[in-house]
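Peer 1: Dropping in run-v2.csv, which is CSV, C-alpha atoms and all ligand atoms:
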chain,number,residue,atom,x,y,z
A,6,MET,CA,22.3,-47.0,-16.9
A,7,LYS,CA,19.5,-46.4,-19.5
A,8,ALA,CA,20.9,-46.6,-23.1
A,9,ARG,CA,21.1,-43.2,-24.7
A,10,ARG,CA,18.4,-42.6,-27.3
A,11,ILE,CA,19.4,-42.4,-30.9
A,12,CYS,CA,18.5,-39.5,-33.1
A,13,VAL,CA,19.0,-39.8,-36.9
A,14,ALA,CA,18.8,-36.5,-38.9
A,15,LEU,CA,18.4,-36.6,-42.7
A,16,THR,CA,19.5,-33.2,-44.0
A,17,GLY,CA,19.5,-31.7,-47.4
A,18,ALA,CA,20.6,-28.4,-49.1
A,19,GLY,CA,17.9,-26.5,-47.2
A,20,ILE,CA,19.8,-26.8,-43.9
A,21,SER,CA,22.7,-24.9,-45.5
A,22,ALA,CA,20.5,-22.3,-47.2
A,23,GLU,CA,20.8,-19.8,-44.3
A,24,SER,CA,24.5,-20.2,-44.5
A,25,GLY,CA,24.3,-18.8,-48.0
A,26,LEU,CA,24.8,-22.0,-49.9
A,27,ARG,CA,22.3,-22.5,-52.8
A,28,THR,CA,19.8,-25.3,-52.9
A,29,PHE,CA,19.3,-27.4,-56.0
A,30,ARG,CA,15.7,-26.9,-56.9
A,31,GLY,CA,15.0,-23.5,-55.5
A,32,PRO,CA,15.0,-20.3,-57.7
A,33,ASP,CA,18.8,-20.2,-57.1
A,34,GLY,CA,19.4,-23.7,-58.5
A,35,LEU,CA,21.4,-22.5,-61.5
A,36,TRP,CA,25.1,-22.1,-62.3
A,37,GLU,CA,26.1,-20.2,-65.4
A,38,GLY,CA,22.7,-21.0,-66.8
A,39,HIS,CA,23.1,-24.8,-66.2
A,40,ARG,CA,20.8,-26.6,-63.8
A,41,LEU,CA,23.0,-28.1,-61.1
A,42,GLU,CA,21.8,-31.6,-62.0
A,43,GLU,CA,23.1,-31.1,-65.6
A,44,VAL,CA,26.7,-30.6,-64.3
A,45,ALA,CA,26.7,-33.2,-61.6
A,46,THR,CA,26.8,-36.2,-63.9
A,47,PRO,CA,29.4,-38.6,-65.3
A,48,GLU,CA,28.3,-37.6,-68.8
A,49,ALA,CA,29.2,-33.9,-68.1
A,50,TRP,CA,32.5,-35.2,-66.7
A,51,ALA,CA,33.2,-37.3,-69.8
A,52,ARG,CA,32.1,-34.5,-72.2
A,53,ASP,CA,33.7,-31.5,-70.5
A,54,PRO,CA,35.8,-32.2,-67.3
A,55,GLU,CA,37.2,-28.7,-67.2
A,56,THR,CA,33.7,-27.2,-66.8
A,57,VAL,CA,32.8,-29.7,-64.1
A,58,LEU,CA,36.0,-29.0,-62.2
A,59,ARG,CA,35.3,-25.2,-62.5
A,60,PHE,CA,31.8,-25.8,-61.2
A,61,TYR,CA,33.1,-27.6,-58.1
A,62,ASN,CA,35.9,-25.2,-57.6
A,63,TRP,CA,33.3,-22.4,-57.6
A,64,ARG,CA,31.0,-24.3,-55.1
A,65,ARG,CA,34.0,-25.2,-52.9
A,66,ALA,CA,34.9,-21.5,-52.6
A,67,GLU,CA,31.3,-20.9,-51.5
A,68,VAL,CA,31.5,-23.7,-48.9
A,69,ARG,CA,34.8,-22.4,-47.5
A,70,ALA,CA,33.3,-18.9,-47.2
A,71,ALA,CA,30.2,-20.2,-45.5
A,72,GLU,CA,29.7,-20.7,-41.7
A,73,PRO,CA,27.4,-23.2,-40.0
A,74,ASN,CA,24.1,-21.7,-38.9
A,75,ALA,CA,21.8,-22.1,-35.9
A,76,ALA,CA,20.3,-25.3,-37.4
A,77,HIS,CA,23.6,-27.1,-37.7
A,78,ARG,CA,24.4,-26.0,-34.1
A,79,ALA,CA,21.0,-27.2,-32.8
A,80,LEU,CA,21.9,-30.7,-33.9
A,81,VAL,CA,25.1,-30.5,-31.8
A,82,ASP,CA,23.0,-29.3,-28.8
A,83,LEU,CA,20.8,-32.3,-29.2
A,84,GLU,CA,23.9,-34.5,-28.4
A,85,ALA,CA,23.2,-33.5,-24.7
A,86,ARG,CA,20.5,-36.1,-24.6
A,87,TYR,CA,20.8,-38.2,-27.8
A,88,THR,CA,23.4,-40.0,-29.8
A,89,VAL,CA,23.0,-38.0,-33.0
A,90,HIS,CA,23.8,-39.5,-36.4
A,91,ILE,CA,23.6,-37.0,-39.2
A,92,VAL,CA,22.9,-38.5,-42.6
A,93,THR,CA,23.4,-35.7,-45.0
A,94,GLN,CA,22.8,-35.4,-48.8
A,95,ASN,CA,25.0,-32.3,-48.7
A,96,ILE,CA,28.6,-32.2,-49.7
A,97,ASP,CA,29.6,-29.3,-47.6
A,98,ASP,CA,31.4,-29.6,-44.2
A,99,LEU,CA,29.1,-27.3,-42.2
A,100,HIS,CA,27.8,-30.1,-39.9
A,101,GLU,CA,31.4,-31.0,-39.0
A,102,ARG,CA,32.4,-27.4,-38.5
A,103,ALA,CA,29.4,-26.9,-36.2
A,104,GLY,CA,30.8,-29.8,-34.1
A,105,SER,CA,28.7,-32.8,-35.1
A,106,ARG,CA,30.8,-35.9,-34.6
A,107,HIS,CA,28.8,-38.6,-36.5
A,108,VAL,CA,28.2,-37.4,-40.0
A,109,LEU,CA,27.6,-39.7,-43.0
A,110,HIS,CA,27.8,-38.1,-46.4
A,111,LEU,CA,25.5,-40.0,-48.7
A,112,HIS,CA,26.6,-37.9,-51.8
A,113,GLY,CA,30.2,-37.3,-51.0
A,114,GLU,CA,32.3,-34.4,-49.7
A,115,ILE,CA,33.4,-31.4,-51.8
A,116,LEU,CA,36.5,-30.8,-49.8
A,117,LYS,CA,37.9,-34.2,-50.9
A,118,ALA,CA,39.2,-35.5,-54.2
A,119,ARG,CA,39.4,-39.1,-55.5
A,120,SER,CA,41.3,-41.1,-58.0
A,121,THR,CA,39.4,-41.8,-61.3
A,122,ARG,CA,41.3,-45.2,-61.3
A,123,ASP,CA,40.6,-46.3,-57.8
A,124,PRO,CA,37.5,-44.8,-56.1
A,125,ALA,CA,38.8,-46.0,-52.7
A,126,LEU,CA,41.7,-43.6,-53.1
A,127,VAL,CA,40.3,-40.4,-51.5
A,128,ILE,CA,42.5,-37.4,-50.9
A,129,PRO,CA,41.6,-34.4,-48.6
A,130,LEU,CA,42.0,-31.2,-50.6
A,131,GLY,CA,43.0,-28.9,-47.6
A,132,GLY,CA,42.9,-25.5,-49.1
A,133,ARG,CA,43.4,-26.7,-52.7
A,134,ASP,CA,41.1,-27.0,-55.7
A,135,ILE,CA,41.2,-29.6,-58.5
A,136,HIS,CA,42.4,-28.8,-62.0
A,137,LEU,CA,42.8,-30.7,-65.2
A,138,GLY,CA,46.2,-32.5,-65.0
A,139,ASP,CA,46.0,-32.9,-61.2
A,140,ARG,CA,46.8,-36.6,-60.8
A,141,CYS,CA,46.4,-39.2,-58.0
A,142,PRO,CA,49.4,-41.3,-56.9
A,143,LEU,CA,48.3,-43.9,-59.5
A,144,GLY,CA,48.6,-41.3,-62.2
A,145,SER,CA,44.9,-40.8,-63.0
A,146,GLN,CA,43.1,-37.5,-63.2
A,147,LEU,CA,41.6,-36.4,-59.8
A,148,ARG,CA,37.8,-35.9,-59.6
A,149,PRO,CA,35.6,-34.4,-56.9
A,150,HIS,CA,34.8,-37.0,-54.2
A,151,VAL,CA,31.1,-36.6,-55.0
A,152,VAL,CA,28.3,-38.9,-56.0
A,153,TRP,CA,26.9,-37.7,-59.4
A,154,PHE,CA,23.4,-38.5,-60.7
A,155,GLY,CA,23.4,-42.0,-62.1
A,156,GLU,CA,26.2,-43.1,-59.8
A,157,PRO,CA,25.6,-45.6,-56.9
A,158,VAL,CA,25.3,-44.3,-53.3
A,159,PRO,CA,27.7,-46.7,-51.4
A,160,ALA,CA,26.8,-45.3,-47.9
A,161,MET,CA,23.1,-46.1,-48.3
A,162,ALA,CA,23.3,-49.5,-46.5
A,163,GLU,CA,24.9,-47.9,-43.5
A,164,ALA,CA,22.4,-45.0,-43.5
A,165,ALA,CA,19.5,-47.5,-43.6
A,166,GLU,CA,20.9,-49.4,-40.7
A,167,LEU,CA,21.1,-46.2,-38.7
A,168,ALA,CA,17.6,-45.1,-39.6
A,169,ALA,CA,16.3,-48.5,-38.5
A,170,GLN,CA,17.6,-47.8,-35.0
A,171,ALA,CA,16.2,-44.3,-34.6
A,172,ASP,CA,14.2,-43.4,-31.6
A,173,LEU,CA,13.9,-39.9,-33.0
A,174,PHE,CA,14.1,-39.2,-36.8
A,175,LEU,CA,14.4,-35.7,-38.2
A,176,VAL,CA,14.1,-34.7,-41.9
A,177,ILE,CA,15.5,-31.2,-42.4
A,178,GLY,CA,15.7,-29.0,-45.5
A,179,THR,CA,15.3,-31.5,-48.3
A,180,SER,CA,12.7,-31.8,-51.1
A,181,LEU,CA,13.0,-35.6,-50.8
A,182,VAL,CA,13.1,-35.9,-54.6
A,183,VAL,CA,16.5,-37.6,-54.9
A,184,TYR,CA,16.6,-41.4,-54.5
A,185,PRO,CA,17.8,-43.6,-52.9
A,186,ALA,CA,18.4,-41.0,-50.2
A,187,ALA,CA,14.7,-40.0,-49.9
A,188,GLY,CA,13.9,-43.7,-49.4
A,189,LEU,CA,15.6,-43.5,-46.0
A,190,VAL,CA,12.3,-42.5,-44.4
A,191,ASP,CA,11.0,-46.1,-45.2
A,192,TRP,CA,13.6,-47.6,-42.8
A,193,VAL,CA,12.4,-45.6,-39.8
A,194,PRO,CA,10.6,-47.8,-37.2
A,195,ALA,CA,6.9,-46.9,-36.5
A,196,ARG,CA,7.8,-46.4,-32.8
A,197,ALA,CA,10.2,-43.5,-33.6
A,198,ALA,CA,9.2,-39.9,-33.1
A,199,LYS,CA,9.4,-38.2,-36.5
A,200,TYR,CA,9.7,-34.6,-37.4
A,201,TRP,CA,9.9,-32.9,-40.8
A,202,ILE,CA,11.2,-29.3,-41.0
A,203,ASN,CA,10.9,-27.4,-44.3
A,204,PRO,CA,9.5,-24.0,-45.3
A,205,ASP,CA,7.1,-25.5,-47.7
A,206,ILE,CA,5.6,-28.8,-46.5
A,207,PRO,CA,3.8,-30.7,-49.3
A,208,PRO,CA,0.5,-32.4,-48.3
A,209,GLN,CA,1.2,-34.3,-45.1
A,210,GLY,CA,0.2,-37.6,-46.8
A,211,ARG,CA,3.7,-37.9,-48.3
A,212,LEU,CA,5.3,-38.7,-44.9
A,213,PRO,CA,2.7,-40.5,-42.7
A,214,GLY,CA,3.4,-40.2,-38.9
A,215,PHE,CA,5.6,-37.1,-39.2
A,216,HIS,CA,5.1,-33.9,-37.3
A,217,CYS,CA,5.4,-31.3,-40.0
A,218,ILE,CA,7.0,-28.0,-39.0
A,219,ALA,CA,6.8,-25.4,-41.8
A,220,GLY,CA,9.6,-22.9,-41.4
A,221,PRO,CA,13.2,-22.2,-42.0
A,222,ALA,CA,15.5,-24.7,-40.3
A,223,GLY,CA,17.6,-21.8,-38.6
A,224,ALA,CA,14.5,-20.9,-36.5
A,225,ALA,CA,12.4,-24.0,-36.4
A,226,LEU,CA,15.1,-26.5,-35.5
A,227,PRO,CA,16.6,-24.7,-32.4
A,228,GLU,CA,13.0,-24.3,-31.1
A,229,LEU,CA,12.3,-28.1,-31.7
A,230,VAL,CA,15.6,-29.0,-30.0
A,231,ARG,CA,14.8,-26.8,-27.0
A,232,ARG,CA,11.4,-28.6,-26.6
A,233,LEU,CA,13.0,-32.1,-27.0
A,234,LEU,CA,15.7,-31.3,-24.4
A,235,GLN,CA,13.0,-30.3,-22.0
A,236,ASP,CA,11.0,-33.6,-22.2
B,301,LIG,C1,21.4,-43.7,-58.4
B,301,LIG,C2,26.1,-34.5,-55.1
B,301,LIG,C3,21.6,-45.8,-59.4
B,301,LIG,C4,26.3,-33.7,-56.3
B,301,LIG,C5,23.8,-35.2,-55.5
B,301,LIG,C6,13.5,-40.6,-62.0
B,301,LIG,C7,12.7,-40.8,-60.9
B,301,LIG,C8,13.3,-41.2,-59.7
B,301,LIG,C9,14.7,-41.3,-59.6
B,301,LIG,C10,15.5,-41.1,-60.7
B,301,LIG,C11,14.9,-40.7,-61.9
B,301,LIG,N1,15.9,-40.6,-62.8
B,301,LIG,C12,17.1,-40.8,-62.2
B,301,LIG,C13,16.8,-41.1,-60.9
B,301,LIG,C14,17.8,-41.5,-59.8
B,301,LIG,C15,18.5,-40.2,-59.3
B,301,LIG,C16,17.4,-39.2,-58.8
B,301,LIG,O1,16.9,-39.5,-57.7
B,301,LIG,N2,17.1,-38.2,-59.5
B,301,LIG,C17,16.1,-37.2,-59.1
B,301,LIG,C18,16.6,-35.8,-59.5
B,301,LIG,C19,14.8,-37.5,-59.7
B,301,LIG,N3,19.4,-40.6,-58.3
B,301,LIG,C20,20.6,-40.9,-58.6
B,301,LIG,O2,21.1,-40.8,-59.7
B,301,LIG,C21,21.5,-41.5,-57.5
B,301,LIG,N4,22.1,-42.6,-57.9
B,301,LIG,O3,20.2,-43.7,-58.4
B,301,LIG,O4,22.2,-44.7,-58.9
B,301,LIG,C22,22.6,-46.8,-59.6
B,301,LIG,C23,22.6,-47.9,-58.7
B,301,LIG,C24,23.6,-48.9,-58.9
B,301,LIG,C25,24.6,-48.7,-59.9
B,301,LIG,C26,24.6,-47.6,-60.8
B,301,LIG,C27,23.6,-46.6,-60.6
B,301,LIG,C28,22.5,-40.5,-57.1
B,301,LIG,C29,21.9,-39.2,-56.5
B,301,LIG,C30,23.1,-38.4,-56.0
B,301,LIG,C31,23.2,-37.1,-56.8
B,301,LIG,N5,24.2,-36.2,-56.2
B,301,LIG,N6,24.6,-34.4,-54.9
B,301,LIG,C32,26.5,-32.3,-55.9
B,301,LIG,O5,26.0,-31.9,-54.8
B,301,LIG,O6,27.0,-31.5,-56.8
B,301,LIG,S1,22.1,-35.0,-55.1
B,301,LIG,C33,21.8,-33.4,-54.8
B,301,LIG,O7,20.4,-33.3,-54.6
B,301,LIG,C34,22.4,-32.8,-53.5
B,301,LIG,O8,23.1,-33.8,-52.8
B,301,LIG,C35,21.2,-32.4,-52.7
B,301,LIG,O9,21.4,-32.5,-51.4
B,301,LIG,C36,20.3,-33.5,-53.2
B,301,LIG,C37,18.9,-33.5,-52.8
B,301,LIG,O10,18.4,-32.3,-53.0
B,301,LIG,P1,17.9,-31.5,-51.7
B,301,LIG,O11,19.0,-31.5,-50.7
B,301,LIG,O12,16.6,-32.0,-51.2
B,301,LIG,O13,17.9,-30.0,-52.2
B,301,LIG,P2,16.6,-29.4,-53.0
B,301,LIG,O14,17.1,-28.1,-53.6
B,301,LIG,O15,16.0,-30.4,-53.8
B,301,LIG,O16,15.6,-29.0,-51.8
B,301,LIG,C38,16.0,-28.1,-50.8
B,301,LIG,C39,14.9,-28.1,-49.8
B,301,LIG,O17,15.2,-27.2,-48.7
B,301,LIG,C40,13.6,-27.6,-50.4
B,301,LIG,O18,12.5,-28.4,-50.0
B,301,LIG,C41,13.4,-26.2,-49.8
B,301,LIG,O19,12.1,-25.8,-49.6
B,301,LIG,C42,14.1,-26.3,-48.5
B,301,LIG,N7,14.7,-25.1,-47.9
B,301,LIG,C43,15.0,-24.0,-48.5
B,301,LIG,N8,15.4,-23.0,-47.6
B,301,LIG,C44,15.3,-23.7,-46.4
B,301,LIG,C45,14.9,-25.0,-46.6
B,301,LIG,N9,14.7,-25.8,-45.6
B,301,LIG,C46,14.9,-25.4,-44.3
B,301,LIG,N10,15.4,-24.2,-44.1
B,301,LIG,C47,15.6,-23.3,-45.1
B,301,LIG,N11,16.1,-22.0,-44.8
Could you render the structure as structure tokens?
Peer 2:
Amino acid sequence: MKARRICVALTGAGISAESGLRTFRGPDGLWEGHRLEEVATPEAWARDPETVLRFYNWRRAEVRAAEPNAAHRALVDLEARYTVHIVTQNIDDLHERAGSRHVLHLHGEILKARSTRDPALVIPLGGRDIHLGDRCPLGSQLRPHVVWFGEPVPAMAEAAELAAQADLFLVIGTSLVVYPAAGLVDWVPARAAKYWINPDIPPQGRLPGFHCIAGPAGAALPELVRRLLQD
């Protein structure tokens, strides 16, 4: 029995754009006049935890109101022929709600909270939000289970191991400006088939060996998956 081929998909905010969730660096990358990066930092948390909690409660409401789109669903369809590992920079749960079973969140998950005393103590929020005074079982303030700028990315080693095994590597809806996540492309073996889907593809030199498909993921990805399933 031939081993199933492995597909690794690196996704960013762009794959959730057509679900109505804003991207970081597009024209909609602002919240109450703040750039999103200004609020997603330990410094903002130390300075004004209430504003940071309000920011994530607001984004969590948007995530709960959003639905997976055709791009998320296309990655599930691909599981007919590939073992598909999603490595996402996104903190929403749209890949899981679309039905993807192997999802690695490099930057955390907005629907979970974690202890500020023990980062291993992660608590699913269910339908709740996080407010000042909400405490973990150890008595410390709860924070979003999210990797802020300047914080390490613990899942990076696992993600690199997956990328190194890819027969098919997809980069979908990311500006590739955030490291170490963007560096994942360096772990992909030369033999892998590589595709990059984004409405605005910078000069191809940035990702040698990638087929670049300029377009919205909601249209371009189902079309690519249809072709890949025909091969
Ligand atoms: C770390 C969770 C060290 C929070 C996020 C200077 C140079 C280089 C690097 C640095 C630097 N200064 C600092 C750094 C490091 C920094 C970094 O990379 N900064 C960038 C901004 C320069 N990285 C870090 O801080 C990381 N940690 O380095 O730690 C360390 C090590 C050991 C010990 C201590 C410390 C941590 C980074 C994680 C930050 N957290 N998210 C939250 O979400 O609230 S990152 C954030 O950006 C989101 O996760 C987001 O996913 C991610 C990446 O952005 P994109 O997903 O690419 O989104 P973007 O808006 O940029 O692009 C969207 C794309 O979609 C666009 O291309 C657009 O055209 C496209 N699009 C739009 N519509 C569609 C579409 N595509 C398809 N279809 C559509 N319809």
Peer 1: With 7 Å as the cut-off and all atoms listed in the file counted, what is the closest atom pair between each nearby residue of chain A and ligand LIG 301 (chain B)? Distances in Å to one decimal, ordered by chain and number, as a Markdown table.
Peer 2:
| residue | atom | partner | partner_atom | distance |
| --- | --- | --- | --- | --- |
| A:Thr16 | CA | B:LIG301 | O11 | 6.9 |
| A:Gly17 | CA | B:LIG301 | O11 | 3.3 |
| A:Ala18 | CA | B:LIG301 | O11 | 3.8 |
| A:Gly19 | CA | B:LIG301 | O17 | 3.2 |
| A:Ile20 | CA | B:LIG301 | C46 | 5.1 |
| A:Ala22 | CA | B:LIG301 | N11 | 5.0 |
| A:Glu23 | CA | B:LIG301 | N11 | 5.2 |
| A:Thr28 | CA | B:LIG301 | O14 | 4.0 |
| A:Phe29 | CA | B:LIG301 | O14 | 3.3 |
| A:Arg30 | CA | B:LIG301 | O14 | 3.8 |
| A:Gly31 | CA | B:LIG301 | O14 | 5.4 |
| A:Gly34 | CA | B:LIG301 | O14 | 7.0 |
| A:Leu41 | CA | B:LIG301 | O6 | 6.8 |
| A:Ala45 | CA | B:LIG301 | O6 | 5.1 |
| A:Gln94 | CA | B:LIG301 | O9 | 4.1 |
| A:Asn95 | CA | B:LIG301 | O9 | 4.5 |
| A:Ile96 | CA | B:LIG301 | O5 | 5.7 |
| A:His112 | CA | B:LIG301 | C2 | 4.8 |
| A:Gly113 | CA | B:LIG301 | C2 | 6.4 |
| A:Val151 | CA | B:LIG301 | C2 | 5.4 |
| A:Val152 | CA | B:LIG301 | N5 | 4.9 |
| A:Trp153 | CA | B:LIG301 | N5 | 4.4 |
| A:Phe154 | CA | B:LIG301 | O2 | 3.4 |
| A:Gly155 | CA | B:LIG301 | O2 | 3.5 |
| A:Glu156 | CA | B:LIG301 | O4 | 4.4 |
| A:Pro157 | CA | B:LIG301 | O4 | 4.0 |
| A:Val158 | CA | B:LIG301 | N4 | 5.9 |
| A:Ile177 | CA | B:LIG301 | C46 | 6.1 |
| A:Gly178 | CA | B:LIG301 | N9 | 3.4 |
| A:Thr179 | CA | B:LIG301 | O12 | 3.2 |
| A:Ser180 | CA | B:LIG301 | O18 | 3.6 |
| A:Leu181 | CA | B:LIG301 | O12 | 5.1 |
| A:Val182 | CA | B:LIG301 | C17 | 5.6 |
| A:Val183 | CA | B:LIG301 | O1 | 3.4 |
| A:Tyr184 | CA | B:LIG301 | O1 | 3.7 |
| A:Pro185 | CA | B:LIG301 | O3 | 6.0 |
| A:Ile202 | CA | B:LIG301 | C46 | 6.3 |
| A:Asn203 | CA | B:LIG301 | N9 | 4.3 |
| A:Pro204 | CA | B:LIG301 | O19 | 5.3 |
| A:Asp205 | CA | B:LIG301 | O19 | 5.4 |
| A:Gly220 | CA | B:LIG301 | N10 | 6.5 |
| A:Pro221 | CA | B:LIG301 | N10 | 3.6 |
| A:Ala222 | CA | B:LIG301 | N10 | 3.8 |
| A:Gly223 | CA | B:LIG301 | N11 | 6.4 |
Peer 1: Ranking A:Leu126, A:Leu234, A:Leu229, A:Ala187 by minimum distance to Gly144 in chain A and counting all atoms listed in the file, which one comes first?
Peer 2: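 The shortest atom-to-atom distance to Gly144 in chain A comes from A:Leu126.
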Peer 1: I'd like the neighbourhood of His216 in chain A as a list in words, where a residue qualifies if any of its atoms comes within 10 Å (using all atoms listed in the file), though same-chain residues fewer than 3 positions away should be ignored.
Peer 2: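 After dropping sequence-adjacent residues, the list is Leu175, Ala198, Lys199, Tyr200, Trp201, Ile202, Gln209, Leu212, Pro213 and Ala219 of chain A.
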Peer 1: Would you mind reading off the distance between CA of Leu147 in chain A and CA of Leu26 in chain A, one decimal, in Å?
Peer 2: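 Rounded to one decimal, the two atoms are 24.2 Å apart.
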Peer 1: Name the residues in contact with Thr56 in chain A at a cut-off of 10 Å, using all atoms listed in the file, excluding same-chain residues fewer than 6 positions from it; report them as a list in words.
Peer 2: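 Everything that qualifies: Val44, Ala49, Trp50, Asn62 and Leu137 of chain A.
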Peer 1: Using all atoms listed in the file, find each residue in range 36-151 of chain A having at least one atom no more than 6 Å away from range 9-14 of chain A; report its shortest atom-to-atom pair and that distance in Å (one decimal), rows by chain then rising number, as a Markdown table.
Peer 2:
| residue | atom | partner | partner_atom | distance |
| --- | --- | --- | --- | --- |
| A:Tyr87 | CA | A:Arg10 | CA | 5.0 |
| A:Thr88 | CA | A:Ile11 | CA | 4.8 |
| A:Val89 | CA | A:Cys12 | CA | 4.7 |
| A:His90 | CA | A:Val13 | CA | 4.8 |
| A:Ile91 | CA | A:Ala14 | CA | 4.8 |
| A:Val92 | CA | A:Ala14 | CA | 5.9 |
Peer 1: To one decimal place in Å, what is the distance between CA of Trp63 in chain A and CA of Gly138 in chain A?
Peer 2: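 Taking CA of Trp63 in chain A and CA of Gly138 in chain A, their separation equals 18.0 Å.
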Peer 1: How many Å separate CA of Leu111 in chain A from CA of Glu228 in chain A?
Peer 2: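 A separation of 26.7 Å between them.
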Peer 1: Under the rule that all atoms listed in the file are counted, which of A:Pro227, A:Gly25, A:Phe174, A:Asp97 is the nearest residue to Ala195 in chain A?
Peer 2: A:Phe174
Peer 1: Using all atoms listed in the file, pick whichever of A:Val81, A:Leu173, A:Ala168, A:Ile115 has the shortest atom-to-atom distance to Gly188 in chain A.
Peer 2: A:Ala168
Peer 1: Point out the residue among A:Ile128, A:Phe215, A:Leu83, A:Ser21 with the least atom-to-atom distance to His100 in chain A, counting all atoms listed in the file.
Peer 2: A:Ser21
Peer 1: Between A:Ala225, A:Leu80, A:Leu189, A:Ala66, which has the minimum distance to Glu166 in chain A (counting only C-alpha atoms)?
Peer 2: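 The closest residue to Glu166 in chain A is A:Leu189.
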Peer 1: Can you tell me which residues surround Ser120 in chain A at a distance of at most 7 Å, considering only C-alpha atoms, apart from same-chain residues fewer than 2 positions away, and format the answer as a list in words?
Peer 2: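 These residues fall inside the cut-off: Arg122, Asp123, Pro124, Leu126, Val127, Cys141, Ser145, Gln146, Leu147 and Arg148 of chain A.
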Peer 1: Restricting the calculation to only C-alpha atoms: of A:His77, A:Arg65, A:Arg27, A:Arg86, which residue gets closest to Arg133 in chain A?
Peer 2: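 The closest residue to Arg133 in chain A is A:Arg65.
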